[in-house]
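Okay, structure first, notes after.
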Amino acid sequence: MTAAGSDSVSLSGIEKRYGAARALDGVDFAIGRGERVGLIGHNGAGKSTLMQILAGAVTADAGRISVADEALDDYSSRRARQHGIRCVFQELSLCPNLTVAENVRIFHPALRGFGGQKKAARLIGEMLDGIFPGHGISPGDLVRDLAIGKRQMVEVARAFTVVAEPLRLVILDEPTSSLDAQASAQLLTHMRRAADAGLGLILISHVLAEVLGHVDRIVVMRDGKVAAAGPVQDFDRRKLVRAMGGEEMPPGQRSSGQRLREGAVCVKARPGRRGGAKELVAHQGEIVGLAGLAGHGQTALLRQVFEASSHGTTFRSRPAAFVAGDRQTDGVFPRWSIAENITIRSLKNLRRGGLVSPGREKALAASWKDRMRIRTPEMKNSILSLSGGNQQKALFARALASEAPIILMDDPMRGVDIATRQDVYALIRSEAAAGRCFLWYTTETDELLHCDHVYVFHAGAIVADLAGADVSEEKIIHLSFQEPA
Amino acid sequence: MTARAPVRLLRSLLPAFSLALVVAAIAWLNPRAMSYFGFNLMLSLALPIALATVAQMFVIAGSELDLSIGSFISFCGCVVATWLDQSPLLGAAILLGGVLVYAGVGALIHLRNLPSIVVTLGMSFVWQGLAILVLPRPGGAAPDWLQTLMSSKPPFLPLPVIGSLLLALVCHLLLMRTGYGAVLRGAGGNATAIGRTGWSLLKVKMALFALAGLFGVLSSLALIGISTSADPNIGSNYSLLSIAGVILGGGEFVGGVVSPVGAVIGGLTLTLAASPLLTFLHIPPDWQIGANGALLILVLAARARFSRPEAA
C-alpha cells in the first residue's frame, strides 16, 4: 500500500462471513494522516462491512487492525473511538427522540454534568456553521422533526466534533446520498480542509465524479476483495467502472422516442400552501422529474399525490405506488423477509379463494429477485440481511410489482450503485413505454436527463417546467436558486 | 423551524392543559374544594400514583413496558407494613433486594432479547404471590415515622403538591439534563446508535429497570404511609394506571419519548379525574370506573390530535 507511514491506520487480512455468504475475503487497507481515500464498489462488494469492522461495530472473523504500528486486540467501537477513529454510518445513527445537542452529548461521554448541554449545543452549532453555512438547524431541534438531509448534516458535523478523545480518521459512508448539491459541495470542501489539518478521511460514494474530484487515493472493492488501488491520477471514470466489474454506459441516456404530452393525463397537482400558480402535469407513459434543492417541496408534492390517489379524489383516481428514499422511516418492514417486503403491495392480486396464495407470493418474489438482481441466497432471509442498496432494490420491486399505473419515487437511488442504477433506469424506461407514469424526485442531476419533463421546485413552488431537450444541469441549478416570479 | 416550534410547544403544554381543565371543572362544580384542605383531601393518593407513573416512565423511556409495577408495589407495601415496621434493617434490605431484582429483570430482557411485556407479566404473578406470602390478609402497620411524614401539613402548600413538585424537578434534572439521562432516553430511540458510540446497552437497561424499582419502592412507602396498613392487592391497579399516566403526560410507547414533568402531571390528572371530579359530577360510584376510562380516552384523543408528526 502506498502512503502507509508509521502513523497510519491499517487493516490486514480481514475476513468476514455472514452464514454462507463471504462478505470479506482477506482485505488489506491502510490510510495515513492527511490522506483522503475514496472507497468504491458495487452494493454488496464489502465496503460497508469493511468500514464497520474498522469502526468496531462489527467483529472480523480473521485479520489484524493496527494503529501507528501497534496491533490492537480485542477491538471494539470503544477502542476505535479511543484511537480517534469515527464513522458516519450509511444508516443514520442519531436518536430521533433526542435533540441535536443531546445527540452530540451521547457521542461524547466527557460532556457530563448540567453544563454539558450548553457545551454540546455550542460545539455542534459551531461545527455546522463551519461545514454547512446556512444550514438552518438549531441545536434544540428534535432530530425526528428534521428532514433526512438535515439529519445527515448533523451526523456528519457530529463526527468532526472533538471533546476529550483524539480524532485521527473519519469514515464517511455515502455522506452525500441525502444531501443536495450545495450541501454536498460544502462537505467535500470541508474534507479538503480537514485533510490539510492532518485528518485521515475515507469517502464511500457511488457518485464517481465526487470521488475522482475529491480524494488522493482510490481503492476499488469487488466481491469482498480489493480489485484495484492507487493514486487518483491513475483512474478515470471508465477505469473505475471496469474495475468494479460494470458495463460501460454513457451517463444519462435519454429515453429514445420522446413521447411528449401524448398519452392521457394521469396526474395533475399543484404544490400546497405557498404553492404558486404553476401546476405539475404528467401524462401516461411519461417520466416526469422533480428537481431543485433538497427539501423545497418535492417530497411534499409526491405525498400529496399519493394521499389523493389513495383516497380516490385524484384525477380519475388511479392507484399510485410509492418508492421511499428514507427507507428506514418510510420503506422497509425491518422484521419481515425480503419476499414479504416485496409482495406487500400486491397481496390483492396474489389471492386464491380469498386467501393469499403462498405459492404465487413466492413466485412473484422470485421473479423480482432476478429482474432486480437482488443479491441474496434466499428471499426468505430478513430484509436487514441485505446491504443498503439491495434493500432499495427490494423497495423498487415492491412498487413495480404492483398494478399501480402511477409510480412516485422519492429520491430512491440513494446508496444504489451504478450497475444497479443502469438496470433500474432501463426498467423505468420500459415500464414507461408500457404506459406507466413516473414522478421522480431526485437530488442527482444526471438522473433528470432520463426524464421527459422536469419541474424545478423552489421554496415549495414550481418555478419552471423544462421539456425534453431543454433539460440541462446548468439550467436546473440556475433555476433552483431563483425566486418564484 | 419557525413553523415547528409552536406545534411542539403546544404538544408539551397539553398535559398541563388537561390538568388545568380537570381542576377548573372541579372548581366550577364545587368552589369550596379549591382550598388547602380540599386539595390535601382530593390529592391524598396523588403521590403514590405519581411515583408509580415515574417508575413506569423509566421503563417506557427504554421502549419497554412494565406490567409488574402494580404487584411490585403491593409486595413492597406488605414488606413496609410488616418487616420495615418490626425490624427496619431487614425490611430495608428486602426493599433494596427488590430494586436489584428489577435490575436483573432488565438484564434478562436485554440479554435474552425477550419482550418486556411477557417477562414483566410473569414477574407480576411472582410479586403478587410473594405479597400474599408476606401478608396473607389485610393488616400490618406502617412505621410511625412514615405515618407522621405522610400526614404532615406543611405551610402554604399541601404535602402532595410539594411532593409532586419535588418529584418532577428531581426526575427532570436526572433524565433530561444529565448526559447519562440523554443516553437512557436515546436507547429507547435508537439503541444501535447508542451501542455504536460505545455505551453498554446492558447497563442502560439495568439502570432503567433499577430506577423503576426504586420509584416503585418509594411509591409503596407513600401509599402505606397514607393508608397506614397494607393489603396484598393494594397496588394492583397501579400497573395500568401508571402506563396511562405516562401516556397522558406526553410519553409514547416506543421511541424513548417521555417527559418526567409530564408523567407527574399525568399522575395528578388521573388522581383528580378518578374520584373527586366524578363524585362532584354526581356520577354514581358504580359508573365511576367506566366514566374514568371514557375520560382517559377523551384526553388521549386530544393529545393524538397535536402530536402527529408533521411531514418533512
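By order of appearance in the C-alpha cells: chains A, B, ..., then residues from 1 within every chain, and ligands from 1 in the order shown.
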
At a cut-off of 7 Å, list the chain B residues touching chain A, using only C-alpha atoms, as a PyMOL selection string.
chain B and resi 177-179+182-183+186+189-190+193+196-198+255-257+312

Go ahead and dump the residues you just picked, all heavy atoms, as a short mmCIF file (atom, residue, chain, number, x, y, z; two decimals), in the first residue's frame.
data_model
loop_
_atom_site.label_atom_id
_atom_site.label_comp_id
_atom_site.auth_asym_id
_atom_site.auth_seq_id
_atom_site.Cartn_x
_atom_site.Cartn_y
_atom_site.Cartn_z
N ARG B 177 -31.54 16.48 31.94
CA ARG B 177 -30.44 17.43 31.95
C ARG B 177 -29.06 16.80 32.06
O ARG B 177 -28.07 17.47 31.83
CB ARG B 177 -30.65 18.44 33.09
CG ARG B 177 -31.93 19.25 32.97
CD ARG B 177 -31.97 20.09 31.69
NE ARG B 177 -30.88 21.06 31.66
CZ ARG B 177 -30.93 22.25 32.25
NH1 ARG B 177 -32.01 22.61 32.88
NH2 ARG B 177 -29.91 23.07 32.18
N THR B 178 -28.96 15.55 32.47
CA THR B 178 -27.64 14.95 32.58
C THR B 178 -27.29 14.21 31.28
O THR B 178 -28.18 13.87 30.50
CB THR B 178 -27.59 13.92 33.73
OG1 THR B 178 -28.47 12.86 33.41
CG2 THR B 178 -28.00 14.53 35.05
N GLY B 179 -25.99 13.99 31.10
CA GLY B 179 -25.54 13.30 29.90
C GLY B 179 -26.06 11.87 29.87
O GLY B 179 -26.52 11.38 28.84
N ALA B 182 -29.61 11.50 28.80
CA ALA B 182 -29.80 11.51 27.34
C ALA B 182 -29.50 10.14 26.76
O ALA B 182 -30.18 9.68 25.84
CB ALA B 182 -28.89 12.57 26.71
N VAL B 183 -28.49 9.45 27.32
CA VAL B 183 -28.17 8.11 26.84
C VAL B 183 -29.33 7.16 27.13
O VAL B 183 -29.73 6.37 26.27
CB VAL B 183 -26.87 7.60 27.51
CG1 VAL B 183 -26.65 6.13 27.19
CG2 VAL B 183 -25.69 8.42 27.06
N GLY B 186 -31.98 7.96 24.76
CA GLY B 186 -31.52 7.64 23.41
C GLY B 186 -31.64 6.15 23.12
O GLY B 186 -31.97 5.75 22.00
N GLY B 189 -34.78 5.39 21.67
CA GLY B 189 -35.00 5.93 20.34
C GLY B 189 -34.24 5.17 19.27
O GLY B 189 -34.79 4.84 18.22
N ASN B 190 -32.98 4.89 19.52
CA ASN B 190 -32.16 4.19 18.53
C ASN B 190 -31.05 3.47 19.28
O ASN B 190 -29.96 4.01 19.46
CB ASN B 190 -31.60 5.21 17.52
CG ASN B 190 -30.85 4.55 16.38
OD1 ASN B 190 -30.56 3.35 16.44
ND2 ASN B 190 -30.54 5.30 15.35
N ALA B 193 -27.58 3.06 17.70
CA ALA B 193 -26.73 4.25 17.70
C ALA B 193 -26.02 4.39 19.04
O ALA B 193 -24.83 4.73 19.10
CB ALA B 193 -27.58 5.48 17.43
N ARG B 196 -23.25 1.86 19.20
CA ARG B 196 -22.12 2.18 18.34
C ARG B 196 -21.23 3.25 18.93
O ARG B 196 -20.05 3.33 18.61
CB ARG B 196 -22.63 2.68 16.99
CG ARG B 196 -22.92 1.57 16.02
CD ARG B 196 -23.54 2.17 14.79
NE ARG B 196 -23.84 1.15 13.80
CZ ARG B 196 -24.58 1.38 12.73
NH1 ARG B 196 -25.08 2.59 12.51
NH2 ARG B 196 -24.81 0.43 11.86
N THR B 197 -21.78 4.11 19.77
CA THR B 197 -20.95 5.13 20.37
C THR B 197 -20.20 4.59 21.59
O THR B 197 -19.49 5.34 22.24
CB THR B 197 -21.78 6.36 20.78
OG1 THR B 197 -23.13 5.98 20.87
CG2 THR B 197 -21.63 7.48 19.80
N GLY B 198 -20.38 3.31 21.89
CA GLY B 198 -19.56 2.70 22.91
C GLY B 198 -20.22 2.57 24.27
O GLY B 198 -19.58 2.16 25.23
N GLY B 255 -39.94 4.51 21.21
CA GLY B 255 -39.16 5.63 20.69
C GLY B 255 -38.52 6.49 21.76
O GLY B 255 -37.90 7.49 21.46
N GLY B 256 -38.66 6.09 23.04
CA GLY B 256 -37.97 6.83 24.09
C GLY B 256 -38.47 8.24 24.29
O GLY B 256 -37.75 9.08 24.80
N VAL B 257 -39.71 8.51 23.90
CA VAL B 257 -40.27 9.85 24.09
C VAL B 257 -41.01 9.88 25.41
O VAL B 257 -42.10 9.32 25.53
CB VAL B 257 -41.22 10.23 22.94
CG1 VAL B 257 -41.76 11.63 23.14
CG2 VAL B 257 -40.50 10.12 21.62
N ALA B 312 -42.10 15.93 6.54
CA ALA B 312 -40.85 16.68 6.41
C ALA B 312 -40.88 17.57 5.18
O ALA B 312 -41.55 17.27 4.22
CB ALA B 312 -39.69 15.72 6.31
#

List as a VMD selection string the protein and nucleic acid residues near segment 183-196 of chain A, meaning an atom at most 7 Å away when only C-alpha atoms are counted, but skip any in the same chain fewer than 6 places from it.
chain A and resid 34 to 36 131 to 132 176 214

For Gly98 of chain B, list every protein, DNA or RNA residue within 10 Å, evaluated using only C-alpha atoms, and leave out those in the same chain fewer than 3 positions away; present the list as a PyMOL selection string.
chain B and resi 72+75-76+92-95+101-104+127+210+213-214+216-217

If you count only C-alpha atoms, which residues fall within 10 Å of Leu280 of chain A, apart from same-chain ones fewer than 5 positions away, as a ChimeraX atom specification?
/A:267-271,288,290,301,439,453-455,462,464-465

Written file, previous selection with all heavy atoms, as a compact mmCIF listing (two decimals), in the first residue's frame:
# COMPACT_ATOMS: atom_id res chain seq x y z
N VAL A 267 -51.72 12.54 -13.82
CA VAL A 267 -51.58 13.31 -12.58
C VAL A 267 -51.62 14.78 -12.91
O VAL A 267 -51.00 15.24 -13.87
CB VAL A 267 -50.23 13.01 -11.87
CG1 VAL A 267 -50.13 13.82 -10.59
CG2 VAL A 267 -50.08 11.54 -11.58
N LYS A 268 -52.37 15.50 -12.09
CA LYS A 268 -52.36 16.96 -12.17
C LYS A 268 -52.26 17.41 -10.73
O LYS A 268 -53.09 17.03 -9.92
CB LYS A 268 -53.69 17.44 -12.75
CG LYS A 268 -53.54 18.30 -13.98
CD LYS A 268 -54.89 18.79 -14.42
CE LYS A 268 -54.83 19.22 -15.87
NZ LYS A 268 -56.13 19.60 -16.36
N ALA A 269 -51.24 18.16 -10.40
CA ALA A 269 -51.12 18.53 -8.99
C ALA A 269 -50.51 19.91 -8.87
O ALA A 269 -49.67 20.31 -9.68
CB ALA A 269 -50.26 17.52 -8.25
N ARG A 270 -50.94 20.61 -7.82
CA ARG A 270 -50.38 21.92 -7.55
C ARG A 270 -49.82 21.87 -6.14
O ARG A 270 -50.52 21.43 -5.23
CB ARG A 270 -51.49 22.96 -7.65
CG ARG A 270 -51.03 24.36 -7.40
CD ARG A 270 -52.14 25.35 -7.72
NE ARG A 270 -52.48 25.29 -9.14
CZ ARG A 270 -53.58 25.85 -9.65
NH1 ARG A 270 -54.44 26.44 -8.88
NH2 ARG A 270 -53.82 25.79 -10.94
N PRO A 271 -48.55 22.28 -5.96
CA PRO A 271 -47.99 22.24 -4.61
C PRO A 271 -48.87 23.02 -3.63
O PRO A 271 -49.35 24.10 -3.97
CB PRO A 271 -46.62 22.88 -4.75
CG PRO A 271 -46.30 22.81 -6.20
CD PRO A 271 -47.60 22.83 -6.93
N VAL A 288 -41.56 11.97 -15.36
CA VAL A 288 -41.53 13.39 -15.01
C VAL A 288 -40.60 13.59 -13.83
O VAL A 288 -40.74 12.94 -12.79
CB VAL A 288 -42.95 13.87 -14.66
CG1 VAL A 288 -42.92 15.28 -14.12
CG2 VAL A 288 -43.84 13.80 -15.90
N LEU A 290 -38.72 15.75 -10.75
CA LEU A 290 -38.93 16.84 -9.82
C LEU A 290 -37.54 17.27 -9.36
O LEU A 290 -36.84 16.49 -8.71
CB LEU A 290 -39.76 16.40 -8.62
CG LEU A 290 -41.28 16.34 -8.80
CD1 LEU A 290 -41.69 15.36 -9.85
CD2 LEU A 290 -41.95 15.98 -7.49
N LEU A 301 -45.02 17.18 -2.42
CA LEU A 301 -45.92 17.03 -3.57
C LEU A 301 -46.18 15.56 -3.86
O LEU A 301 -47.31 15.15 -4.13
CB LEU A 301 -45.33 17.70 -4.82
CG LEU A 301 -46.29 17.60 -6.00
CD1 LEU A 301 -47.14 18.85 -6.11
CD2 LEU A 301 -45.59 17.32 -7.30
N LEU A 439 -43.34 9.76 -11.47
CA LEU A 439 -42.95 11.06 -10.91
C LEU A 439 -41.70 10.79 -10.11
O LEU A 439 -41.71 10.00 -9.18
CB LEU A 439 -44.04 11.61 -9.98
CG LEU A 439 -45.36 12.02 -10.59
CD1 LEU A 439 -46.16 12.82 -9.58
CD2 LEU A 439 -45.16 12.82 -11.84
N HIS A 453 -39.95 15.29 -18.83
CA HIS A 453 -40.30 16.63 -18.37
C HIS A 453 -39.68 16.83 -17.01
O HIS A 453 -39.66 15.91 -16.21
CB HIS A 453 -41.82 16.75 -18.22
CG HIS A 453 -42.43 17.58 -19.29
ND1 HIS A 453 -42.77 18.90 -19.11
CD2 HIS A 453 -42.72 17.27 -20.57
CE1 HIS A 453 -43.28 19.36 -20.24
NE2 HIS A 453 -43.26 18.40 -21.15
N VAL A 454 -39.17 18.04 -16.75
CA VAL A 454 -38.60 18.28 -15.43
C VAL A 454 -39.24 19.54 -14.85
O VAL A 454 -39.26 20.58 -15.49
CB VAL A 454 -37.06 18.46 -15.49
CG1 VAL A 454 -36.52 18.88 -14.13
CG2 VAL A 454 -36.40 17.17 -15.94
N TYR A 455 -39.78 19.39 -13.64
CA TYR A 455 -40.32 20.55 -12.93
C TYR A 455 -39.32 20.95 -11.87
O TYR A 455 -38.92 20.12 -11.05
CB TYR A 455 -41.66 20.21 -12.29
CG TYR A 455 -42.77 20.03 -13.31
CD1 TYR A 455 -43.05 18.79 -13.85
CD2 TYR A 455 -43.51 21.13 -13.73
CE1 TYR A 455 -44.05 18.63 -14.79
CE2 TYR A 455 -44.52 20.98 -14.67
CZ TYR A 455 -44.78 19.72 -15.20
OH TYR A 455 -45.78 19.57 -16.13
N ILE A 462 -43.45 25.42 -7.85
CA ILE A 462 -42.79 25.07 -9.11
C ILE A 462 -42.36 26.36 -9.79
O ILE A 462 -43.18 27.26 -9.97
CB ILE A 462 -43.76 24.28 -10.01
CG1 ILE A 462 -44.09 22.94 -9.34
CG2 ILE A 462 -43.16 24.07 -11.39
CD1 ILE A 462 -45.18 22.15 -10.04
N ALA A 464 -40.26 26.27 -12.70
CA ALA A 464 -40.03 26.10 -14.13
C ALA A 464 -40.45 24.71 -14.56
O ALA A 464 -40.49 23.78 -13.76
CB ALA A 464 -38.55 26.31 -14.45
N ASP A 465 -40.77 24.59 -15.83
CA ASP A 465 -41.17 23.33 -16.43
C ASP A 465 -40.30 23.15 -17.68
O ASP A 465 -40.47 23.86 -18.66
CB ASP A 465 -42.66 23.41 -16.77
CG ASP A 465 -43.11 22.29 -17.69
OD1 ASP A 465 -42.33 21.33 -17.89
OD2 ASP A 465 -44.25 22.37 -18.19

Across B:His110, B:Leu298, B:Val59, B:Ser124, the smallest distance to Ser200 of chain B, with only C-alpha atoms counted, is shown by B:His110

Among segment 4-221 of chain B, which residues carry a DSSP assignment of helix (DSSP H, G or I), reported as an MDAnalysis selection string?
chainID B and resid 4:29 31:33 36:42 46:61 69:81 83:86 88:111 116:134 144:150 159:177 179:189 191:196 201:221

Please provide as a PyMOL selection string all residues within 9 Å of Ala227 of chain A, with the sequence filter that same-chain residues fewer than 5 positions apart are discarded (counting only C-alpha atoms).
chain A and resi 41+219-222+243-244

Contacts of segment 14-16 of chain B at 7 Å or less, counting only C-alpha atoms, minus same-chain residues fewer than 2 places along, as number ranges by chain?
B: 10-12, 18-20, 248-250, 262, 265-266, 303
